[in-house]
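S.K.: File final_19.pdb below, PDB, C-alpha atoms, pLDDT in the B column:
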ATOM      1  CA  ASP L   1      14.245  24.082  12.572  1.00 55.00           C
ATOM      2  CA  THR L   2      16.059  20.754  12.495  1.00 79.00           C
ATOM      3  CA  GLY L   3      14.576  19.287  15.683  1.00 94.00           C
ATOM      4  CA  VAL L   4      12.094  16.447  16.055  1.00 97.00           C
ATOM      5  CA  SER L   5       8.629  17.399  14.857  1.00 97.00           C
ATOM      6  CA  GLN L   6       5.307  15.739  15.585  1.00 98.00           C
ATOM      7  CA  ASN L   7       1.900  16.150  14.009  1.00 97.00           C
ATOM      8  CA  PRO L   8      -0.756  16.813  14.981  1.00 98.00           C
ATOM      9  CA  ARG L   9       0.006  18.564  18.247  1.00 97.00           C
ATOM     10  CA  HIS L  10      -3.467  17.867  19.567  1.00 97.00           C
ATOM     11  CA  LYS L  11      -6.071  15.267  18.652  1.00 98.00           C
ATOM     12  CA  ILE L  12      -9.526  14.823  20.071  1.00 98.00           C
ATOM     13  CA  THR L  13     -11.344  11.687  19.010  1.00 98.00           C
ATOM     14  CA  LYS L  14     -14.336   9.659  20.035  1.00 98.00           C
ATOM     15  CA  ARG L  15     -13.937   6.267  21.621  1.00 98.00           C
ATOM     16  CA  GLY L  16     -13.719   3.544  19.023  1.00 98.00           C
ATOM     17  CA  GLN L  17     -12.175   5.725  16.309  1.00 98.00           C
ATOM     18  CA  ASN L  18      -8.724   5.160  14.834  1.00 98.00           C
ATOM     19  CA  VAL L  19      -6.018   7.798  15.054  1.00 98.00           C
ATOM     20  CA  THR L  20      -2.590   8.161  13.467  1.00 98.00           C
ATOM     21  CA  PHE L  21       0.294  10.336  14.595  1.00 98.00           C
ATOM     22  CA  ARG L  22       3.392  11.269  12.670  1.00 98.00           C
ATOM     23  CA  CYS L  23       6.932  11.889  13.836  1.00 98.00           C
ATOM     24  CA  ASP L  24       9.755  13.374  11.786  1.00 97.00           C
ATOM     25  CA  PRO L  25      13.090  12.744  13.520  1.00 96.00           C
ATOM     26  CA  ILE L  26      16.326  14.658  13.162  1.00 95.00           C
ATOM     27  CA  SER L  27      17.400  13.673   9.682  1.00 92.00           C
ATOM     28  CA  GLU L  28      20.701  11.942  10.423  1.00 90.00           C
ATOM     29  CA  HIS L  29      19.378  10.013  13.429  1.00 93.00           C
ATOM     30  CA  ASN L  30      18.995   6.281  12.833  1.00 93.00           C
ATOM     31  CA  ARG L  31      17.019   5.473  15.995  1.00 95.00           C
ATOM     32  CA  LEU L  32      13.486   6.585  16.659  1.00 97.00           C
ATOM     33  CA  TYR L  33      11.478   6.016  19.829  1.00 97.00           C
ATOM     34  CA  TRP L  34       7.865   6.370  20.895  1.00 98.00           C
ATOM     35  CA  TYR L  35       6.950   7.099  24.507  1.00 97.00           C
ATOM     36  CA  ARG L  36       3.640   7.775  26.216  1.00 97.00           C
ATOM     37  CA  GLN L  37       3.216  10.162  29.130  1.00 96.00           C
ATOM     38  CA  THR L  38       0.186  10.439  31.367  1.00 95.00           C
ATOM     39  CA  LEU L  39      -0.524  13.134  33.922  1.00 92.00           C
ATOM     40  CA  GLY L  40       1.881  13.107  36.840  1.00 92.00           C
ATOM     41  CA  GLN L  41       4.074  10.408  35.343  1.00 95.00           C
ATOM     42  CA  GLY L  42       7.270  10.318  33.370  1.00 96.00           C
ATOM     43  CA  PRO L  43       7.421   9.119  29.770  1.00 97.00           C
ATOM     44  CA  GLU L  44       6.923   5.356  29.358  1.00 96.00           C
ATOM     45  CA  PHE L  45       8.673   3.522  26.547  1.00 96.00           C
ATOM     46  CA  LEU L  46       6.427   2.066  23.843  1.00 96.00           C
ATOM     47  CA  THR L  47       8.654   1.018  20.960  1.00 96.00           C
ATOM     48  CA  TYR L  48      11.791   1.881  19.020  1.00 95.00           C
ATOM     49  CA  PHE L  49      13.228   1.565  15.540  1.00 95.00           C
ATOM     50  CA  GLN L  50      16.720   1.314  14.236  1.00 94.00           C
ATOM     51  CA  ASN L  51      16.442   2.560  10.687  1.00 93.00           C
ATOM     52  CA  GLU L  52      13.280   0.850   9.380  1.00 93.00           C
ATOM     53  CA  ALA L  53      13.439  -2.157  11.711  1.00 93.00           C
ATOM     54  CA  GLN L  54      11.224  -2.179  14.790  1.00 92.00           C
ATOM     55  CA  LEU L  55      13.564  -3.699  17.367  1.00 92.00           C
ATOM     56  CA  GLU L  56      11.637  -3.587  20.603  1.00 91.00           C
ATOM     57  CA  LYS L  57       8.060  -3.204  21.760  1.00 92.00           C
ATOM     58  CA  SER L  58       6.857  -2.677  25.309  1.00 92.00           C
ATOM     59  CA  ARG L  59       4.178  -4.886  26.785  1.00 88.00           C
ATOM     60  CA  LEU L  60       2.276  -1.597  27.135  1.00 81.00           C
ATOM     61  CA  LEU L  61       1.837  -1.685  23.375  1.00 85.00           C
ATOM     62  CA  SER L  62      -1.366  -3.656  22.929  1.00 89.00           C
ATOM     63  CA  ASP L  63      -2.343  -5.111  19.576  1.00 93.00           C
ATOM     64  CA  ARG L  64      -4.445  -2.001  18.950  1.00 96.00           C
ATOM     65  CA  PHE L  65      -1.202  -0.049  18.577  1.00 96.00           C
ATOM     66  CA  SER L  66       1.007  -0.290  15.519  1.00 96.00           C
ATOM     67  CA  ALA L  67       4.045   1.704  14.536  1.00 97.00           C
ATOM     68  CA  GLU L  68       5.928   1.914  11.293  1.00 96.00           C
ATOM     69  CA  ARG L  69       9.003   3.622   9.998  1.00 96.00           C
ATOM     70  CA  PRO L  70       9.079   3.089   6.246  1.00 91.00           C
ATOM     71  CA  LYS L  71      12.430   3.817   4.625  1.00 87.00           C
ATOM     72  CA  GLY L  72      13.913   4.632   8.014  1.00 86.00           C
ATOM     73  CA  SER L  73      12.804   8.246   7.960  1.00 91.00           C
ATOM     74  CA  PHE L  74       9.523   9.470   9.480  1.00 96.00           C
ATOM     75  CA  SER L  75       7.407   7.202  11.681  1.00 98.00           C
ATOM     76  CA  THR L  76       3.704   6.776  12.274  1.00 98.00           C
ATOM     77  CA  LEU L  77       1.935   5.477  15.350  1.00 98.00           C
ATOM     78  CA  GLU L  78      -1.618   4.241  14.836  1.00 98.00           C
ATOM     79  CA  ILE L  79      -4.098   3.436  17.558  1.00 98.00           C
ATOM     80  CA  GLN L  80      -7.140   1.451  16.485  1.00 98.00           C
ATOM     81  CA  ARG L  81     -10.453   1.410  18.335  1.00 97.00           C
ATOM     82  CA  THR L  82      -9.327   4.071  20.782  1.00 98.00           C
ATOM     83  CA  GLU L  83     -10.294   3.794  24.435  1.00 97.00           C
ATOM     84  CA  GLN L  84     -10.466   6.511  27.080  1.00 96.00           C
ATOM     85  CA  GLY L  85      -7.381   5.017  28.710  1.00 95.00           C
ATOM     86  CA  ASP L  86      -5.415   5.897  25.581  1.00 97.00           C
ATOM     87  CA  SER L  87      -5.696   9.591  26.453  1.00 97.00           C
ATOM     88  CA  ALA L  88      -2.115  10.736  26.982  1.00 97.00           C
ATOM     89  CA  MET L  89       0.783  12.685  25.514  1.00 97.00           C
ATOM     90  CA  TYR L  90       2.574  10.663  22.849  1.00 98.00           C
ATOM     91  CA  LEU L  91       6.224  11.637  22.566  1.00 98.00           C
ATOM     92  CA  CYS L  92       8.628  10.803  19.798  1.00 98.00           C
ATOM     93  CA  ALA L  93      12.407  10.952  20.187  1.00 97.00           C
ATOM     94  CA  SER L  94      15.392  10.216  18.003  1.00 96.00           C
ATOM     95  CA  SER L  95      19.058   9.515  18.597  1.00 95.00           C
ATOM     96  CA  LEU L  96      22.278   8.664  16.820  1.00 91.00           C
ATOM     97  CA  GLY L  97      24.747   7.498  19.449  1.00 79.00           C
ATOM     98  CA  GLY L  98      25.110   4.307  21.448  1.00 81.00           C
ATOM     99  CA  PRO L  99      23.155   3.146  24.493  1.00 83.00           C
ATOM    100  CA  GLY L 100      22.794   5.809  27.135  1.00 81.00           C
ATOM    101  CA  GLY L 101      23.176   8.542  24.580  1.00 85.00           C
ATOM    102  CA  GLU L 102      21.008  11.611  24.503  1.00 92.00           C
ATOM    103  CA  GLN L 103      17.575  11.229  22.950  1.00 95.00           C
ATOM    104  CA  TYR L 104      16.057  14.311  21.366  1.00 96.00           C
ATOM    105  CA  PHE L 105      12.338  14.663  21.980  1.00 97.00           C
ATOM    106  CA  GLY L 106       9.629  16.259  19.916  1.00 97.00           C
ATOM    107  CA  PRO L 107       6.868  18.422  21.434  1.00 97.00           C
ATOM    108  CA  GLY L 108       4.429  15.517  21.578  1.00 97.00           C
ATOM    109  CA  THR L 109       0.905  14.832  20.389  1.00 98.00           C
ATOM    110  CA  ARG L 110      -1.768  15.170  23.048  1.00 97.00           C
ATOM    111  CA  LEU L 111      -4.570  12.669  22.496  1.00 98.00           C
ATOM    112  CA  THR L 112      -7.930  13.069  24.177  1.00 98.00           C
ATOM    113  CA  VAL L 113     -10.436  10.252  23.773  1.00 98.00           C
ATOM    114  CA  THR L 114     -13.996  11.255  24.625  1.00 97.00           C
TER     115      THR L 114
ATOM    116  CA  ASP M   1       7.122  -1.756  38.137  1.00 72.00           C
ATOM    117  CA  GLN M   2       8.701   1.634  38.610  1.00 87.00           C
ATOM    118  CA  GLN M   3      12.443   1.109  38.262  1.00 95.00           C
ATOM    119  CA  VAL M   4      13.303   4.800  38.563  1.00 97.00           C
ATOM    120  CA  LYS M   5      11.790   6.782  41.414  1.00 97.00           C
ATOM    121  CA  GLN M   6      11.698  10.468  42.137  1.00 97.00           C
ATOM    122  CA  ASN M   7      10.088  10.672  45.529  1.00 93.00           C
ATOM    123  CA  SER M   8       9.777  14.442  45.727  1.00 95.00           C
ATOM    124  CA  PRO M   9       6.991  15.645  43.429  1.00 96.00           C
ATOM    125  CA  SER M  10       7.922  19.285  43.949  1.00 97.00           C
ATOM    126  CA  LEU M  11      10.692  21.561  45.131  1.00 97.00           C
ATOM    127  CA  SER M  12      10.606  25.290  45.822  1.00 98.00           C
ATOM    128  CA  VAL M  13      13.876  27.205  46.031  1.00 98.00           C
ATOM    129  CA  GLN M  14      14.890  30.827  46.236  1.00 98.00           C
ATOM    130  CA  GLU M  15      16.700  32.357  43.289  1.00 98.00           C
ATOM    131  CA  GLY M  16      20.452  32.103  43.742  1.00 98.00           C
ATOM    132  CA  ARG M  17      20.281  29.141  46.096  1.00 98.00           C
ATOM    133  CA  ILE M  18      21.048  25.497  45.358  1.00 98.00           C
ATOM    134  CA  SER M  19      18.407  23.105  44.012  1.00 98.00           C
ATOM    135  CA  ILE M  20      18.977  19.435  44.821  1.00 98.00           C
ATOM    136  CA  LEU M  21      16.874  16.846  43.027  1.00 98.00           C
ATOM    137  CA  ASN M  22      17.041  13.194  44.009  1.00 98.00           C
ATOM    138  CA  CYS M  23      16.472   9.975  42.114  1.00 98.00           C
ATOM    139  CA  ASP M  24      16.606   6.327  43.173  1.00 98.00           C
ATOM    140  CA  TYR M  25      16.662   3.244  40.989  1.00 98.00           C
ATOM    141  CA  THR M  26      16.173  -0.449  41.536  1.00 97.00           C
ATOM    142  CA  ASN M  27      17.651  -2.054  38.405  1.00 95.00           C
ATOM    143  CA  SER M  28      21.317  -2.881  38.991  1.00 95.00           C
ATOM    144  CA  MET M  29      21.754  -3.281  35.219  1.00 94.00           C
ATOM    145  CA  PHE M  30      21.367   0.461  34.645  1.00 96.00           C
ATOM    146  CA  ASP M  31      24.642   1.936  33.404  1.00 96.00           C
ATOM    147  CA  TYR M  32      23.619   5.313  32.063  1.00 96.00           C
ATOM    148  CA  PHE M  33      21.683   8.018  33.845  1.00 97.00           C
ATOM    149  CA  LEU M  34      20.273  11.162  32.296  1.00 97.00           C
ATOM    150  CA  TRP M  35      18.428  14.224  33.504  1.00 98.00           C
ATOM    151  CA  TYR M  36      15.844  15.932  31.351  1.00 98.00           C
ATOM    152  CA  LYS M  37      14.040  19.219  31.833  1.00 98.00           C
ATOM    153  CA  LYS M  38      10.533  19.852  30.575  1.00 96.00           C
ATOM    154  CA  TYR M  39       8.617  23.090  30.129  1.00 95.00           C
ATOM    155  CA  PRO M  40       4.821  23.015  29.592  1.00 92.00           C
ATOM    156  CA  ALA M  41       3.772  22.243  26.009  1.00 87.00           C
ATOM    157  CA  GLU M  42       7.299  21.184  25.064  1.00 92.00           C
ATOM    158  CA  GLY M  43       9.079  17.858  24.902  1.00 94.00           C
ATOM    159  CA  PRO M  44      11.762  16.932  27.440  1.00 96.00           C
ATOM    160  CA  THR M  45      15.164  18.518  26.817  1.00 96.00           C
ATOM    161  CA  PHE M  46      18.404  16.771  27.747  1.00 95.00           C
ATOM    162  CA  LEU M  47      20.376  18.419  30.556  1.00 97.00           C
ATOM    163  CA  ILE M  48      23.234  16.220  31.692  1.00 97.00           C
ATOM    164  CA  SER M  49      24.166  12.561  31.950  1.00 96.00           C
ATOM    165  CA  ILE M  50      26.533  10.264  33.799  1.00 97.00           C
ATOM    166  CA  SER M  51      27.745   6.726  33.214  1.00 95.00           C
ATOM    167  CA  SER M  52      28.217   4.173  35.951  1.00 95.00           C
ATOM    168  CA  ILE M  53      32.006   4.378  35.749  1.00 95.00           C
ATOM    169  CA  LYS M  54      31.883   7.905  37.136  1.00 96.00           C
ATOM    170  CA  ASP M  55      30.547   9.343  40.372  1.00 97.00           C
ATOM    171  CA  LYS M  56      30.288  12.973  39.288  1.00 98.00           C
ATOM    172  CA  ASN M  57      29.725  14.941  36.120  1.00 98.00           C
ATOM    173  CA  GLU M  58      29.595  18.706  35.907  1.00 98.00           C
ATOM    174  CA  ASP M  59      28.339  21.026  33.195  1.00 97.00           C
ATOM    175  CA  GLY M  60      28.150  24.677  34.091  1.00 97.00           C
ATOM    176  CA  ARG M  61      25.564  25.185  36.818  1.00 98.00           C
ATOM    177  CA  PHE M  62      24.506  21.526  36.696  1.00 98.00           C
ATOM    178  CA  THR M  63      26.260  18.682  38.513  1.00 98.00           C
ATOM    179  CA  VAL M  64      25.072  15.093  38.720  1.00 98.00           C
ATOM    180  CA  PHE M  65      26.316  12.770  41.461  1.00 98.00           C
ATOM    181  CA  LEU M  66      25.995   8.995  41.285  1.00 98.00           C
ATOM    182  CA  ASN M  67      26.186   6.594  44.229  1.00 97.00           C
ATOM    183  CA  LYS M  68      26.016   3.133  42.704  1.00 96.00           C
ATOM    184  CA  SER M  69      26.098   1.238  45.973  1.00 96.00           C
ATOM    185  CA  ALA M  70      23.040   3.158  47.164  1.00 97.00           C
ATOM    186  CA  LYS M  71      21.431   3.147  43.706  1.00 97.00           C
ATOM    187  CA  HIS M  72      20.961   6.879  44.064  1.00 98.00           C
ATOM    188  CA  LEU M  73      21.735   9.920  41.999  1.00 97.00           C
ATOM    189  CA  SER M  74      21.177  13.600  42.481  1.00 98.00           C
ATOM    190  CA  LEU M  75      21.182  16.728  40.359  1.00 98.00           C
ATOM    191  CA  HIS M  76      22.521  19.961  41.816  1.00 98.00           C
ATOM    192  CA  ILE M  77      21.697  23.289  40.209  1.00 98.00           C
ATOM    193  CA  VAL M  78      23.789  26.194  41.468  1.00 98.00           C
ATOM    194  CA  PRO M  79      22.807  28.985  41.447  1.00 98.00           C
ATOM    195  CA  SER M  80      19.124  28.446  40.711  1.00 98.00           C
ATOM    196  CA  GLN M  81      17.590  30.890  38.233  1.00 97.00           C
ATOM    197  CA  PRO M  82      13.941  31.691  37.407  1.00 96.00           C
ATOM    198  CA  GLY M  83      14.334  29.977  34.020  1.00 96.00           C
ATOM    199  CA  ASP M  84      15.097  26.737  35.850  1.00 98.00           C
ATOM    200  CA  SER M  85      11.437  26.485  36.888  1.00 98.00           C
ATOM    201  CA  ALA M  86      10.325  23.319  35.098  1.00 98.00           C
ATOM    202  CA  VAL M  87       9.698  19.607  35.587  1.00 98.00           C
ATOM    203  CA  TYR M  88      12.890  17.554  35.885  1.00 98.00           C
ATOM    204  CA  PHE M  89      12.967  13.881  34.954  1.00 98.00           C
ATOM    205  CA  CYS M  90      15.572  11.335  35.898  1.00 98.00           C
ATOM    206  CA  ALA M  91      16.055   8.555  33.327  1.00 97.00           C
ATOM    207  CA  ALA M  92      18.220   5.449  33.081  1.00 97.00           C
ATOM    208  CA  SER M  93      19.181   2.717  30.648  1.00 95.00           C
ATOM    209  CA  PRO M  94      21.285  -0.451  30.698  1.00 93.00           C
ATOM    210  CA  SER M  95      24.405  -0.654  28.546  1.00 89.00           C
ATOM    211  CA  ASN M  96      22.803  -3.188  26.200  1.00 86.00           C
ATOM    212  CA  ASP M  97      19.567  -1.297  25.591  1.00 88.00           C
ATOM    213  CA  TYR M  98      18.474   1.968  24.114  1.00 91.00           C
ATOM    214  CA  LYS M  99      15.148   2.592  25.811  1.00 92.00           C
ATOM    215  CA  LEU M 100      15.012   4.968  28.732  1.00 95.00           C
ATOM    216  CA  SER M 101      13.150   4.324  31.987  1.00 96.00           C
ATOM    217  CA  PHE M 102      11.926   7.574  33.510  1.00 97.00           C
ATOM    218  CA  GLY M 103      10.975   8.694  36.985  1.00 98.00           C
ATOM    219  CA  ALA M 104       7.726  10.545  37.598  1.00 97.00           C
ATOM    220  CA  GLY M 105       9.439  13.932  37.702  1.00 97.00           C
ATOM    221  CA  THR M 106      10.035  16.733  40.177  1.00 98.00           C
ATOM    222  CA  THR M 107       8.509  20.160  39.598  1.00 98.00           C
ATOM    223  CA  VAL M 108      10.987  22.874  40.507  1.00 98.00           C
ATOM    224  CA  THR M 109       9.812  26.401  41.258  1.00 98.00           C
ATOM    225  CA  VAL M 110      12.454  29.086  41.628  1.00 98.00           C
ATOM    226  CA  ARG M 111      11.180  32.038  43.695  1.00 96.00           C
ATOM    227  CA  ALA M 112      12.491  35.526  43.063  1.00 91.00           C
TER     228      ALA M 112
END
Here is the file; what I need is its structure written in the form of structure tokens.
M.R.:
Amino acid sequence: DTGVSQNPRHKITKRGQNVTFRCDPISEHNRLYWYRQTLGQGPEFLTYFQNEAQLEKSRLLSDRFSAERPKGSFSTLEIQRTEQGDSAMYLCASSLGGPGGEQYFGPGTRLTVT
Amino acid sequence: DQQVKQNSPSLSVQEGRISILNCDYTNSMFDYFLWYKKYPAEGPTFLISISSIKDKNEDGRFTVFLNKSAKHLSLHIVPSQPGDSAVYFCAASPSNDYKLSFGAGTTVTVRA
């Protein structure tokens, strides 16, 4: 399977704990995106990388969130000191083309903060 | 601020009939518009797109219409099939940006 993969698929954590998610994009794709989706809403942009450079971050991304893409391959999204409001589906996508081009999404990581 | 709006949370249609999904946007800088389909427990899957220089794009059973002056686009699915039952998201991006702004989605149910 050469699609976008995300791990873990589900994560339950207690408030105040740190969590880290991983995304493996389609191998030849140079852009990687993180989105967050809550119930009844569409995905909301969090951040994106072109190769290893993080080029844009949403104001939704508080300083408790950090993302990395070392060597321009897989990416990790870490949330420190989780809060109940962080409970959501975290989606990763990757793309190769120019603006407006198709982004390929992974299955997401569902985070539940108790 | 929700720049992409899908005002119909749900749509029920009989198999074989046409499904029409609507989407409105407020950002006049949007140049690219995409429709995604999402099944439960899966990520969104790209369906069809259109750029602002066109007013129609067709791909098999799926056609997207764009009315720039009204800041409105629609997705037509003809004929609707049971496998089309899913959540459909409208998304948009400006020409100088890569991030997508999504609507809240419309849940389509195709009845046999």
S.K.: I want to know what sits within 12 Å of M:Lys56, based on only C-alpha atoms, with residues of the same chain fewer than 4 positions away left out; could you give that as a list in words?
M.R.: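 The residues that qualify are Phe33, Ile48, Ser49, Ile50, Ser51, Ser52, Phe62, Thr63, Val64, Phe65, Leu66, Asn67, Lys68, Leu73, Ser74, Leu75 and His76 of chain M.
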S.K.: With C-alpha atoms retained, export the selected residues as a short mmCIF file (atom, residue, chain, number, x, y, z; two decimals), in the frame of the given file.
M.R.:
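New file again-v1.cif:
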data_model
loop_
_atom_site.label_atom_id
_atom_site.label_comp_id
_atom_site.auth_asym_id
_atom_site.auth_seq_id
_atom_site.Cartn_x
_atom_site.Cartn_y
_atom_site.Cartn_z
CA PHE M 33 21.68 8.02 33.84
CA ILE M 48 23.23 16.22 31.69
CA SER M 49 24.17 12.56 31.95
CA ILE M 50 26.53 10.26 33.80
CA SER M 51 27.74 6.73 33.21
CA SER M 52 28.22 4.17 35.95
CA PHE M 62 24.51 21.53 36.70
CA THR M 63 26.26 18.68 38.51
CA VAL M 64 25.07 15.09 38.72
CA PHE M 65 26.32 12.77 41.46
CA LEU M 66 26.00 8.99 41.28
CA ASN M 67 26.19 6.59 44.23
CA LYS M 68 26.02 3.13 42.70
CA LEU M 73 21.74 9.92 42.00
CA SER M 74 21.18 13.60 42.48
CA LEU M 75 21.18 16.73 40.36
CA HIS M 76 22.52 19.96 41.82
#
S.K.: Of the candidates M:Val110, M:Met29, M:Leu34, M:Leu21, which one gets nearest to M:Pro79 if we count only C-alpha atoms?
M.R.: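 For M:Pro79, the nearest of the given residues is M:Val110.
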S.K.: Going by the chain IDs and residue numbers used in this file, which residues fall under the ChimeraX specification (/M :<12) & /L? Write them as a PyMOL selection string.
M.R.: chain L and resi 3-6+9-10+31-50+55-58+89-110
S.K.: Quick one: apply the PyMOL selection byres ((chain L and resi 23) around 7) to the file and drop the selected residues here as a PDB file with C-alpha atoms, in the coordinates of the input.
M.R.:
ATOM      1  CA  SER L   5       8.629  17.399  14.857  1.00 97.00           C
ATOM      2  CA  GLN L   6       5.307  15.739  15.585  1.00 98.00           C
ATOM      3  CA  ASN L   7       1.900  16.150  14.009  1.00 97.00           C
ATOM      4  CA  PHE L  21       0.294  10.336  14.595  1.00 98.00           C
ATOM      5  CA  ARG L  22       3.392  11.269  12.670  1.00 98.00           C
ATOM      6  CA  ASP L  24       9.755  13.374  11.786  1.00 97.00           C
ATOM      7  CA  PRO L  25      13.090  12.744  13.520  1.00 96.00           C
ATOM      8  CA  PHE L  74       9.523   9.470   9.480  1.00 96.00           C
ATOM      9  CA  SER L  75       7.407   7.202  11.681  1.00 98.00           C
ATOM     10  CA  THR L  76       3.704   6.776  12.274  1.00 98.00           C
ATOM     11  CA  CYS L  92       8.628  10.803  19.798  1.00 98.00           C
TER      12      CYS L  92
END
S.K.: Between atom CA of M:Lys37 and atom CA of L:Leu77, what is the distance in Å, rounded to a tenth?
M.R.: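 Rounded to one decimal, the two atoms are 24.6 Å apart.
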S.K.: If we count only C-alpha atoms and set the cut-off at 6 Å, which residues sit around L:Leu111, ignoring sequence neighbours fewer than 2 positions away in its own chain? Please answer as a PyMOL selection string.
M.R.: chain L and resi 11-12+87-88
S.K.: Between atom CA of L:Pro8 and atom CA of M:Thr107, what is the distance, to one decimal in Å?
M.R.: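 Computing the Euclidean distance for atom CA of L:Pro8 and atom CA of M:Thr107 yields 26.5 Å.
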S.K.: Have a look at atom CA of L:Asn18 and atom CA of L:Ile79 and let me know their distance in Å, one decimal.
M.R.: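 According to the coordinates, atom CA of L:Asn18 and atom CA of L:Ile79 are separated by 5.6 Å.
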S.K.: Once you add 6 Å to each side, what are the centre and edge lengths of the axis-aligned box holding all listed atoms of stretch 42-56 of chain M? One decimal in Å, as JSON, if you can.
M.R.:
{"center_x": 19.7, "center_y": 12.7, "center_z": 32.6, "size_x": 36.7, "size_y": 29.0, "size_z": 27.5}
S.K.: Got a sec to resolve the PyMOL selection byres ((chain L and resi 69) around 8) on this structure and send the residues as a PyMOL selection string?
M.R.: chain L and resi 49+51-54+67-68+70-76
S.K.: Which neighbours of L:Asp86 fall inside 8 Å, counting all atoms listed in the file, when residues of the same chain fewer than 2 positions from it are skipped, and could you give them as a list in words?
M.R.: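 Listing them by chain and then by number gives Thr82, Glu83, Gln84, Ala88, Leu111, Thr112 and Val113 of chain L.
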